[in-house]
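Have a look at protein-v2.cif below; it lists mmCIF, C-alpha atoms.
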data_upload
#
loop_
_atom_site.label_atom_id
_atom_site.label_comp_id
_atom_site.auth_asym_id
_atom_site.auth_seq_id
_atom_site.Cartn_x
_atom_site.Cartn_y
_atom_site.Cartn_z
CA MET L 1 -14.06 56.07 26.12
CA LYS L 2 -12.06 55.58 29.23
CA THR L 3 -8.33 55.01 28.68
CA THR L 4 -6.17 52.87 30.87
CA PRO L 5 -2.42 52.40 30.90
CA SER L 6 -2.77 49.20 28.83
CA THR L 7 -4.96 50.83 26.12
CA ARG L 8 -2.55 53.76 25.87
CA ARG L 9 0.24 51.27 25.02
CA VAL L 10 -1.85 49.21 22.57
CA ALA L 11 -3.33 52.11 20.59
CA PRO L 12 -0.02 53.44 19.19
CA LEU L 13 1.06 49.87 18.40
CA ALA L 14 -2.19 49.20 16.51
CA VAL L 15 -1.83 52.44 14.56
CA ALA L 16 1.77 51.56 13.66
CA LEU L 17 0.78 48.05 12.55
CA CYS L 18 -2.07 49.39 10.39
CA ALA L 19 0.20 52.02 8.82
CA GLY L 20 2.85 49.40 8.14
CA ALA L 21 0.32 47.07 6.50
CA LEU L 22 -1.02 49.88 4.32
CA LEU L 23 2.48 50.93 3.29
CA HIS L 24 3.47 47.33 2.53
CA GLY L 25 0.33 46.89 0.42
CA ALA L 26 1.04 50.06 -1.53
CA LEU L 27 4.64 49.03 -2.19
CA SER L 28 3.68 45.47 -3.13
CA ASP L 29 1.10 46.68 -5.66
CA GLY L 30 3.71 48.98 -7.19
CA ASP L 31 6.25 46.16 -7.45
CA ALA L 32 3.70 43.84 -9.08
CA ALA L 33 2.72 46.52 -11.59
CA ALA L 34 6.38 47.17 -12.40
CA GLN L 35 7.00 43.46 -12.91
CA THR L 36 3.99 43.17 -15.21
CA ARG L 37 5.17 46.17 -17.19
CA ASP L 38 8.93 45.59 -17.37
CA GLU L 39 9.70 41.92 -16.70
CA GLN L 40 8.95 38.69 -18.48
CA ALA L 41 9.00 35.15 -17.18
CA VAL L 42 8.90 33.54 -20.61
CA LEU L 43 12.47 32.92 -21.72
CA GLY L 44 15.44 32.75 -19.40
CA PRO L 45 19.19 32.61 -19.90
CA GLY L 46 20.57 29.15 -20.58
CA ALA L 47 21.55 26.57 -23.19
CA TYR L 48 19.16 25.97 -26.09
CA VAL L 49 18.81 24.00 -29.30
CA PHE L 50 17.77 26.20 -32.23
CA GLN L 51 16.35 24.40 -35.28
CA THR L 52 15.13 25.66 -38.63
CA ARG L 53 13.20 23.69 -41.25
CA ILE L 54 13.16 25.33 -44.68
CA THR L 55 9.69 25.88 -46.11
CA GLN L 56 10.65 27.91 -49.21
CA ALA L 57 13.80 29.23 -50.90
CA SER L 58 13.56 31.85 -53.65
CA CYS L 59 16.91 31.48 -55.40
CA GLY L 60 17.41 27.73 -55.34
CA ASP L 61 20.84 28.08 -53.74
CA ALA L 62 19.72 27.15 -50.22
CA ASP L 63 19.19 23.62 -48.94
CA ARG L 64 16.11 21.93 -50.32
CA THR L 65 12.67 22.47 -48.81
CA GLY L 66 12.16 20.40 -45.67
CA TYR L 67 15.85 20.45 -44.75
CA VAL L 68 16.42 20.82 -40.98
CA ASN L 69 19.43 22.66 -39.54
CA THR L 70 20.23 22.19 -35.84
CA TYR L 71 22.34 24.65 -33.87
CA HIS L 72 23.44 25.00 -30.26
CA ALA L 73 22.85 28.39 -28.71
CA SER L 74 23.28 30.25 -25.46
CA VAL L 75 20.73 32.83 -24.41
CA GLU L 76 22.42 35.47 -22.28
CA GLY L 77 21.07 38.34 -20.25
CA ILE L 78 19.37 39.27 -17.01
CA PRO L 79 16.54 36.89 -16.01
CA GLY L 80 13.24 38.67 -16.55
CA ALA L 81 14.68 41.23 -18.97
CA GLY L 82 12.81 41.98 -22.17
CA ASP L 83 16.00 42.26 -24.23
CA MET L 84 18.49 39.40 -24.39
CA VAL L 85 21.19 38.04 -26.70
CA MET L 86 21.37 34.61 -28.31
CA ARG L 87 24.78 33.35 -29.43
CA VAL L 88 24.61 30.50 -31.93
CA ILE L 89 27.78 28.56 -31.28
CA ASP L 90 27.96 26.58 -34.53
CA SER L 91 26.89 29.15 -37.14
CA SER L 92 29.41 31.34 -38.92
CA TYR L 93 26.69 33.18 -40.87
CA TRP L 94 24.31 34.11 -38.01
CA PRO L 95 26.30 33.86 -34.75
CA ARG L 96 24.68 36.70 -32.76
CA TRP L 97 20.97 37.42 -32.36
CA THR L 98 19.15 40.17 -30.51
CA LEU L 99 16.06 38.82 -28.73
CA GLY L 100 12.99 40.76 -27.71
CA VAL L 101 10.91 38.89 -25.15
CA ARG L 102 7.43 40.14 -24.33
CA ALA L 103 5.51 39.27 -21.19
CA ASP L 104 2.70 37.81 -23.35
CA GLY L 105 5.02 35.06 -24.56
CA GLN L 106 6.16 36.31 -27.95
CA VAL L 107 9.89 36.14 -28.67
CA THR L 108 11.35 38.00 -31.66
CA ALA L 109 14.91 37.49 -32.87
CA ASP L 110 17.04 39.45 -35.33
CA ALA L 111 20.52 38.87 -36.74
CA THR L 112 22.60 40.40 -39.50
CA SER L 113 25.47 38.93 -41.48
CA GLU L 114 28.22 40.90 -43.15
CA ARG L 115 29.39 37.67 -44.76
CA VAL L 116 26.25 37.31 -46.93
CA ARG L 117 25.03 40.91 -46.64
CA GLY L 118 21.81 39.70 -45.12
CA ALA L 119 19.29 39.84 -42.32
CA ASN L 120 17.53 37.06 -40.46
CA HIS L 121 14.36 37.35 -38.37
CA PHE L 122 12.12 34.87 -36.56
CA GLU L 123 9.20 34.99 -34.14
CA VAL L 124 8.28 32.17 -31.77
CA ARG L 125 5.80 31.55 -28.95
CA ARG L 126 5.93 29.06 -26.13
CA SER L 127 4.29 25.73 -26.91
CA GLY L 128 4.74 23.41 -23.94
CA SER L 129 8.47 22.99 -23.28
CA ARG L 130 9.56 24.61 -26.52
CA TYR L 131 9.09 27.74 -28.60
CA THR L 132 7.79 27.42 -32.17
CA GLY L 133 7.17 29.88 -34.97
CA THR L 134 8.44 31.05 -38.33
CA GLY L 135 11.28 33.08 -39.76
CA THR L 136 12.75 34.58 -42.90
CA ARG L 137 16.31 35.29 -43.91
CA ARG L 138 17.24 37.59 -46.77
CA TYR L 139 20.68 37.75 -48.32
CA ARG L 140 22.56 38.67 -51.50
CA SER L 141 23.57 35.96 -53.95
CA GLY L 142 25.50 37.54 -56.79
CA SER L 143 23.31 40.36 -58.06
CA ARG L 144 20.07 38.90 -56.63
CA THR L 145 18.38 39.32 -53.29
CA CYS L 146 17.27 35.90 -52.08
CA SER L 147 14.98 34.84 -49.27
CA VAL L 148 14.44 31.64 -47.34
CA THR L 149 11.42 31.07 -45.11
CA TYR L 150 11.56 28.50 -42.35
CA ASP L 151 9.82 27.01 -39.36
CA ALA L 152 11.73 27.84 -36.19
CA LEU L 153 12.09 25.86 -32.98
CA LEU L 154 13.88 26.89 -29.81
CA ARG L 155 14.14 24.46 -26.89
CA ARG L 156 15.99 24.79 -23.61
CA ILE L 157 18.35 21.89 -22.92
CA ASP L 158 20.03 22.73 -19.60
CA LEU L 159 17.12 22.15 -17.21
#

This structure in structure tokens:
Amino acid sequence: MKTTPSTRRVAPLAVALCAGALLHGALSDGDAAAQTRDEQAVLGPGAYVFQTRITQASCGDADRTGYVNTYHASVEGIPGAGDMVMRVIDSSYWPRWTLGVRADGQVTADATSERVRGANHFEVRRSGSRYTGTGTRRYRSGSRTCSVTYDALLRRIDL
């Protein structure tokens, strides 16, 4: 192949462009894989309503079955993070929750209460504009360990 001054200038430019495109592709694939592995786009920080509807209470000292409690909560953390915190503003028993958010859409939440020597756990999944699932809280009442199961609902209200 005969080279001319114009092909000598174009060849290095073409090689540089190809190398840049390959490098960009390699970096982009790595970033996408990291996002799939480490980030979630399911639940973001913001203001939420958290509701529970009692389905069963073992000790009879909780509200009756079917009773709905409504709380206001803030979900705090880094957008896309798998671990976040939910602060329930109007609950003295369960004010702070640790959230685990998976990329597949499952959200788990755990709280403890020194006040009633108990633990509370729920799991929800996205269902349209809200998250629905079930939960259980266990606590001490006198000498007995009691449990309450409930339907859980979490809905963002600041959008």

Quiz item: Just so the selection is clear, what residues does the PyMOL selection byres ((chain L and resi 153) around 8) cover here, as a VMD selection string?
Solution: chain L and resid 49 to 52 124 130 to 133 151 to 152 154 to 155

Exercise. Can you turn the PyMOL selection byres ((chain L and resi 101) around 10) into a concrete residue list for this file, as a PyMOL selection string?
Key: chain L and resi 39-44+80-84+98-100+102-109+123-125

Quiz prompt | Atom pair atom CA of L:Arg87 / atom CA of L:Asp110: separation (Å) | solution =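 That distance, rounded to one decimal, is 11.5 Å.
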
Practice problem: Kindly give the distance, in Å, that separates atom CA of L:Thr55 and atom CA of L:Ile89, rounded to a single decimal. | Solution: 23.5 Å

Self-check item: Residue contacts of L:Ser141 (12 Å, only C-alpha atoms) excluding same-chain residues fewer than 6 positions away, as a list of chain:residue names
Solution: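 Neighbouring residues, sequence-local ones excluded: L:Ser58, L:Cys59, L:Gly60, L:Asp61, L:Ala62, L:Arg115, L:Val116, L:Arg117, L:Gly118, L:Ser147.
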
Produce a file of the selected residues containing C-alpha atoms, as a PDB file, in the frame of the given file.
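Listing of again.pdb after writing:
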ATOM      1  CA  SER L  58      13.560  31.850 -53.650  1.00  0.00           C
ATOM      2  CA  CYS L  59      16.910  31.480 -55.400  1.00  0.00           C
ATOM      3  CA  GLY L  60      17.410  27.730 -55.340  1.00  0.00           C
ATOM      4  CA  ASP L  61      20.840  28.080 -53.740  1.00  0.00           C
ATOM      5  CA  ALA L  62      19.720  27.150 -50.220  1.00  0.00           C
ATOM      6  CA  ARG L 115      29.390  37.670 -44.760  1.00  0.00           C
ATOM      7  CA  VAL L 116      26.250  37.310 -46.930  1.00  0.00           C
ATOM      8  CA  ARG L 117      25.030  40.910 -46.640  1.00  0.00           C
ATOM      9  CA  GLY L 118      21.810  39.700 -45.120  1.00  0.00           C
ATOM     10  CA  SER L 147      14.980  34.840 -49.270  1.00  0.00           C
TER      11      SER L 147
END

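Rounded to one decimal, atom CA of L:Gly142 and atom CA of L:Glu114 lie 14.3 Å from each other.
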